[in-house]
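A.B. asks: Input protein-v6.pdb, format and content: PDB, C-alpha atoms.
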```pdb
MODEL        1
ATOM      1  CA  MET V1359       0.000   0.000   0.000
ATOM      2  CA  LYS V1360       1.324   3.407  -0.982
ATOM      3  CA  VAL V1361       0.387   6.019   1.636
ATOM      4  CA  LEU V1362       0.729   9.773   1.389
ATOM      5  CA  THR V1363       0.603  11.834   4.613
ATOM      6  CA  LEU V1364       0.059  15.585   4.607
ATOM      7  CA  ILE V1365       1.083  17.262   7.865
ATOM      8  CA  THR V1366      -0.525  20.693   8.060
ATOM      9  CA  SER V1367       1.238  21.648  11.271
ATOM     10  CA  PRO V1368       4.323  23.853  10.809
ATOM     11  CA  ARG V1369       6.048  22.049  13.718
ATOM     12  CA  LYS V1370       8.357  19.521  12.048
ATOM     13  CA  HIS V1371       9.361  17.782  15.268
ATOM     14  CA  GLY V1372       6.075  18.047  17.137
ATOM     15  CA  TYR V1373       3.587  15.492  18.403
ATOM     16  CA  THR V1374       1.941  15.040  15.017
ATOM     17  CA  LYS V1375       5.257  14.006  13.448
ATOM     18  CA  GLN V1376       5.985  11.619  16.327
ATOM     19  CA  ILE V1377       2.634   9.919  15.779
ATOM     20  CA  VAL V1378       3.058   9.853  11.986
ATOM     21  CA  ASP V1379       6.486   8.246  12.455
ATOM     22  CA  ARG V1380       4.851   5.438  14.469
ATOM     23  CA  LEU V1381       2.033   5.031  11.928
ATOM     24  CA  THR V1382       4.779   4.733   9.288
ATOM     25  CA  ILE V1383       6.461   1.897  11.200
ATOM     26  CA  GLY V1384       3.161  -0.018  11.120
ATOM     27  CA  ILE V1385       2.624   0.755   7.435
ATOM     28  CA  LYS V1386       6.130  -0.503   6.591
ATOM     29  CA  ASP V1387       5.638  -3.616   8.743
ATOM     30  CA  ASN V1388       2.665  -4.358   6.455
ATOM     31  CA  ASP V1389       4.858  -3.960   3.333
ATOM     32  CA  GLY V1390       3.647  -0.426   2.587
ATOM     33  CA  THR V1391       5.314   2.939   2.113
ATOM     34  CA  ASN V1392       4.475   6.357   3.520
ATOM     35  CA  GLU V1393       5.603   9.609   1.905
ATOM     36  CA  VAL V1394       5.289  12.405   4.478
ATOM     37  CA  LEU V1395       4.816  15.972   3.250
ATOM     38  CA  PHE V1396       4.819  19.124   5.360
ATOM     39  CA  MET V1397       2.474  21.683   3.867
ATOM     40  CA  ASP V1398       4.777  24.384   5.207
ATOM     41  CA  ASP V1399       7.433  23.253   2.679
ATOM     42  CA  PHE V1400       5.201  24.149  -0.262
ATOM     43  CA  ASN V1401       4.055  27.406  -1.798
ATOM     44  CA  ILE V1402       0.276  27.162  -1.541
ATOM     45  CA  GLN V1403      -1.956  30.179  -1.840
ATOM     46  CA  HIS V1404      -5.360  30.761  -0.295
ATOM     47  CA  CYS V1405      -8.475  30.163  -2.373
ATOM     48  CA  THR V1406      -9.528  33.492  -3.856
ATOM     49  CA  ALA V1407     -13.146  32.422  -4.466
ATOM     50  CA  CYS V1408     -12.802  33.318  -8.146
ATOM     51  CA  ARG V1409     -14.932  30.252  -9.062
ATOM     52  CA  ALA V1410     -12.925  29.654 -12.243
ATOM     53  CA  CYS V1411     -12.565  25.983 -11.200
ATOM     54  CA  GLU V1412     -16.306  25.554 -11.736
ATOM     55  CA  LYS V1413     -15.644  25.748 -15.495
ATOM     56  CA  GLY V1414     -13.294  22.745 -15.313
ATOM     57  CA  GLY V1415      -9.538  22.591 -15.578
ATOM     58  CA  GLY V1416      -8.873  22.862 -11.857
ATOM     59  CA  CYS V1417      -7.640  25.796  -9.858
ATOM     60  CA  VAL V1418      -6.177  28.738 -11.770
ATOM     61  CA  LEU V1419      -3.654  29.484  -9.037
ATOM     62  CA  ASP V1420      -0.248  28.321 -10.224
ATOM     63  CA  ASP V1421       1.397  26.991  -7.065
ATOM     64  CA  ASP V1422       2.472  23.761  -5.403
ATOM     65  CA  TYR V1423      -1.071  22.645  -4.585
ATOM     66  CA  ASN V1424      -1.284  20.760  -7.874
ATOM     67  CA  LEU V1425       1.965  18.923  -7.068
ATOM     68  CA  ILE V1426       0.503  17.703  -3.773
ATOM     69  CA  MET V1427      -2.742  16.693  -5.477
ATOM     70  CA  ASP V1428      -0.823  14.668  -8.095
ATOM     71  CA  LYS V1429       0.953  12.808  -5.292
ATOM     72  CA  ILE V1430      -2.380  12.139  -3.567
ATOM     73  CA  ARG V1431      -3.863  10.764  -6.800
ATOM     74  CA  GLU V1432      -0.937   8.318  -7.069
ATOM     75  CA  ALA V1433      -1.401   7.040  -3.491
ATOM     76  CA  ASP V1434      -3.578   4.182  -2.307
ATOM     77  CA  TYR V1435      -4.256   5.816   1.065
ATOM     78  CA  PHE V1436      -4.203   9.392   2.391
ATOM     79  CA  ILE V1437      -3.457  10.600   5.938
ATOM     80  CA  PHE V1438      -4.576  14.169   6.646
ATOM     81  CA  THR V1439      -3.382  15.773   9.876
ATOM     82  CA  ALA V1440      -4.979  18.894  11.273
ATOM     83  CA  PRO V1441      -3.963  20.624  14.490
ATOM     84  CA  ILE V1442      -6.623  22.538  16.399
ATOM     85  CA  TYR V1443      -5.819  26.164  17.170
ATOM     86  CA  TYR V1444      -8.430  28.211  19.041
ATOM     87  CA  ASN V1445     -11.274  25.703  18.726
ATOM     88  CA  ASP V1446     -10.986  24.957  14.990
ATOM     89  CA  ILE V1447      -8.538  23.479  12.523
ATOM     90  CA  ALA V1448      -5.449  25.581  11.829
ATOM     91  CA  GLY V1449      -5.084  27.869   8.830
ATOM     92  CA  TYR V1450      -2.899  25.520   6.766
ATOM     93  CA  SER V1451      -5.420  22.724   7.244
ATOM     94  CA  LYS V1452      -8.308  24.906   6.191
ATOM     95  CA  MET V1453      -6.359  26.290   3.222
ATOM     96  CA  PHE V1454      -5.860  22.766   1.879
ATOM     97  CA  LEU V1455      -9.544  21.888   2.315
ATOM     98  CA  ASP V1456     -10.677  25.147   0.684
ATOM     99  CA  ARG V1457      -8.657  24.326  -2.415
ATOM    100  CA  LEU V1458      -9.805  20.686  -2.452
ATOM    101  CA  GLY V1459     -13.143  21.670  -3.987
ATOM    102  CA  SER V1460     -11.428  22.805  -7.192
ATOM    103  CA  CYS V1461     -10.918  19.153  -8.202
ATOM    104  CA  ASN V1462     -14.624  18.349  -8.212
ATOM    105  CA  TYR V1463     -15.541  20.147 -11.427
ATOM    106  CA  ASP V1464     -13.301  18.267 -13.854
ATOM    107  CA  PRO V1465     -13.472  14.461 -14.215
ATOM    108  CA  LYS V1466      -9.769  14.353 -15.161
ATOM    109  CA  LEU V1467      -8.844  15.992 -11.847
ATOM    110  CA  THR V1468     -11.248  14.205  -9.522
ATOM    111  CA  ILE V1469      -9.487  12.212  -6.849
ATOM    112  CA  PRO V1470     -10.233   8.506  -7.222
ATOM    113  CA  GLU V1471     -12.030   7.049  -4.208
ATOM    114  CA  THR V1472      -9.237   6.834  -1.662
ATOM    115  CA  LYS V1473      -9.400   5.622   1.912
ATOM    116  CA  ALA V1474      -8.148   8.168   4.428
ATOM    117  CA  LEU V1475      -7.231   8.667   8.052
ATOM    118  CA  LEU V1476      -8.138  11.994   9.664
ATOM    119  CA  MET V1477      -5.877  12.929  12.563
ATOM    120  CA  ILE V1478      -6.922  15.870  14.745
ATOM    121  CA  THR V1479      -4.393  16.993  17.383
ATOM    122  CA  HIS V1480      -5.072  19.467  20.165
ATOM    123  CA  MET V1481      -4.336  20.437  23.750
ATOM    124  CA  SER V1482      -7.812  19.989  25.217
ATOM    125  CA  THR V1483      -9.593  17.159  26.920
ATOM    126  CA  ASN V1484     -12.271  17.506  24.246
ATOM    127  CA  ILE V1485     -13.214  19.685  21.298
ATOM    128  CA  ASN V1486     -16.478  20.587  19.645
ATOM    129  CA  PRO V1487     -17.481  17.441  17.702
ATOM    130  CA  PHE V1488     -18.608  19.675  14.840
ATOM    131  CA  VAL V1489     -14.938  20.449  14.081
ATOM    132  CA  ILE V1490     -14.241  16.777  13.466
ATOM    133  CA  GLU V1491     -17.526  16.206  11.641
ATOM    134  CA  ASN V1492     -17.004  19.185   9.353
ATOM    135  CA  THR V1493     -13.391  18.270   8.546
ATOM    136  CA  HIS V1494     -14.573  14.728   7.818
ATOM    137  CA  ARG V1495     -17.291  16.097   5.526
ATOM    138  CA  CYS V1496     -14.770  18.270   3.651
ATOM    139  CA  LEU V1497     -12.560  15.244   3.003
ATOM    140  CA  ALA V1498     -15.588  13.210   1.916
ATOM    141  CA  THR V1499     -16.620  15.848  -0.617
ATOM    142  CA  GLY V1500     -13.113  15.504  -2.068
ATOM    143  CA  ASN V1501     -13.834  11.773  -2.645
ATOM    144  CA  PHE V1502     -11.884  10.507   0.366
ATOM    145  CA  LYS V1503     -13.404   7.579   2.242
ATOM    146  CA  VAL V1504     -12.413   8.200   5.853
ATOM    147  CA  ASN V1505     -12.043   4.886   7.644
ATOM    148  CA  LYS V1506     -10.159   6.037  10.752
ATOM    149  CA  ILE V1507     -10.370   9.209  12.839
ATOM    150  CA  LEU V1508      -7.793   9.931  15.521
ATOM    151  CA  ASP V1509      -8.857  12.642  17.977
ATOM    152  CA  ILE V1510      -5.646  13.142  19.920
ATOM    153  CA  GLY V1511      -6.000  15.592  22.800
ATOM    154  CA  ASN V1512      -4.157  16.586  25.948
ATOM    155  CA  LEU V1513      -0.867  16.738  24.047
ATOM    156  CA  MET V1514       0.612  19.757  25.808
ATOM    157  CA  VAL V1515      -1.031  19.044  29.134
ATOM    158  CA  ASP V1516       0.906  15.805  29.622
ATOM    159  CA  GLY V1517       4.168  17.242  28.271
ATOM    160  CA  LYS V1518       5.112  14.172  26.246
ATOM    161  CA  LEU V1519       3.757  11.067  24.629
ATOM    162  CA  GLU V1520       4.526   7.858  26.487
ATOM    163  CA  GLU V1521       6.128   4.932  24.671
ATOM    164  CA  PHE V1522       3.116   2.663  25.218
ATOM    165  CA  GLU V1523       0.871   5.307  23.627
ATOM    166  CA  LEU V1524       3.121   5.609  20.590
ATOM    167  CA  GLU V1525       3.209   1.830  20.117
ATOM    168  CA  ASP V1526      -0.576   1.830  19.638
ATOM    169  CA  TYR V1527      -0.125   3.973  16.521
ATOM    170  CA  GLU V1528       2.157   1.340  14.995
ATOM    171  CA  ASP V1529      -0.756  -1.102  15.216
ATOM    172  CA  ILE V1530      -3.097   1.441  13.610
ATOM    173  CA  GLY V1531      -0.624   1.986  10.757
ATOM    174  CA  TYR V1532      -0.430  -1.756  10.182
ATOM    175  CA  GLU V1533      -4.237  -2.090  10.053
ATOM    176  CA  LEU V1534      -5.109   1.041   8.011
ATOM    177  CA  GLU V1535      -6.827  -0.764   5.154
ATOM    178  CA  GLU V1536      -8.853  -2.996   7.459
ATOM    179  CA  TYR V1537     -11.010  -0.293   9.078
ATOM    180  CA  GLU V1538     -14.561   0.208   7.848
ATOM    181  CA  ILE V1539     -15.549   3.438   6.060
ATOM    182  CA  ILE V1540     -17.054   5.938   8.517
ATOM    183  CA  PRO V1541     -20.210   7.601   7.158
ATOM    184  CA  HIS V1542     -20.046  11.378   7.316
ATOM    185  CA  LYS V1543     -22.897  13.633   8.297
ATOM    186  CA  LEU V1544     -23.471  17.317   8.805
ATOM    187  CA  ASP V1545     -25.971  18.158  11.527
ATOM    188  CA  LEU V1546     -26.946  21.727  10.725
ATOM    189  CA  ASP V1547     -29.055  21.982  13.877
ATOM    190  CA  SER V1548     -25.931  21.655  16.036
ATOM    191  CA  ALA V1549     -23.980  24.050  13.816
ATOM    192  CA  THR V1550     -26.350  26.979  14.071
ATOM    193  CA  LEU V1551     -27.531  29.137  16.949
TER     194      LEU V1551
ENDMDL
END
```
Turn the structure described in the file into structure tokens.
C.D. replies:
Amino acid sequence: MKVLTLITSPRKHGYTKQIVDRLTIGIKDNDGTNEVLFMDDFNIQHCTACRACEKGGGCVLDDDYNLIMDKIREADYFIFTAPIYYNDIAGYSKMFLDRLGSCNYDPKLTIPETKALLMITHMSTNINPFVIENTHRCLATGNFKVNKILDIGNLMVDGKLEEFELEDYEDIGYELEEYEIIPHKLDLDSATL
């Protein structure tokens, strides 16, 4: 299995990377590969809402987004990591998801159905479930079939990840393809005042 991981945190040696490293051990133990990309290493612009993508041909912005999308299309599995800053996913995470919609208007650019893991990292004991549900929905509209969600909290509170905790992620990496697809939903009643 060829996996592509996109880390949208700018912290290259943070908790997300530690967890991804352990997922990678499990993936490799199951004869797979995992290419890890840091979004911070790429020149990706914000969606300008020009709506040119709706005419087909993808996004008109000429940046590294298309390079990342080509790598995702070549992968068998996608891991999307999103840190939570101030009760919602961070800017880099949102920027990627905003641009994801540009692929949906051109059959040549549509992402083939690809299983995906959504990893949310944060410093709280819990977060608003809508954040996870909405991020899941965004990935689903991009044709990703999320089959594992990791809601990893309390990262800064504890100060470090324990070895026994990290070992669990090796098992998850090994079993990535085996998890069932998780249906997505958007409960507008809980999202509005």
A.B. asks: I would like the residues chosen by the PyMOL selection byres ((chain V and resi 1456-1464) around 7) on the shown file; could you give them as a PyMOL selection string?
C.D. replies: chain V and resi 1405+1411-1417+1452-1455+1465-1468+1500
A.B. asks: Under the PyMOL selection byres ((chain V and resi 1525) around 10), which residues of this model are included? Write them out as a PyMOL selection string.
C.D. replies: chain V and resi 1377+1380-1381+1383-1384+1520-1524+1526-1530
A.B. asks: Would you pick out the contacts of Tyr1450 of chain V at 10 Å or less, using only C-alpha atoms, so that residues sharing its chain but fewer than 4 positions from it are not included, and give the list as a list of chain:residue names?
C.D. replies: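 Near neighbours after the sequence-gap exclusion: V:Ile1365, V:Thr1366, V:Ser1367, V:Pro1368, V:Met1397, V:Asp1398, V:Ile1402, V:Gln1403, V:His1404, V:Ala1440, V:Pro1441, V:Phe1454, V:Leu1455, V:Asp1456.
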A.B. asks: So what do you get for atom CA of Lys1360 of chain V versus atom CA of Glu1432 of chain V, distance-wise?
C.D. replies: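 That distance, rounded to one decimal, is 8.1 Å.
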A.B. asks: Run the PyMOL selection byres ((chain V and resi 1471-1481) around 9) mentally over the shown coordinates, then write out the matched residues as a PyMOL selection string, using the chain letters and numbers from the document.
C.D. replies: chain V and resi 1373-1374+1430-1431+1433-1443+1445+1447+1468-1470+1482-1485+1490+1493-1494+1497+1500-1515+1534-1535+1539
A.B. asks: Quick one: pull the distance between atom CA of Asn1424 of chain V and atom CA of Cys1496 of chain V, Å, one decimal.
C.D. replies: 17.9 Å
A.B. asks: In terms of the shortest atom-to-atom distance over all atoms listed in the file, which of V:Val1489, V:Leu1519, V:Ala1410, V:Leu1425 is closest to Gln1376 of chain V?
C.D. replies: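 Comparing V:Val1489, V:Leu1519, V:Ala1410, V:Leu1425 against Gln1376 of chain V, the winner is V:Leu1519.
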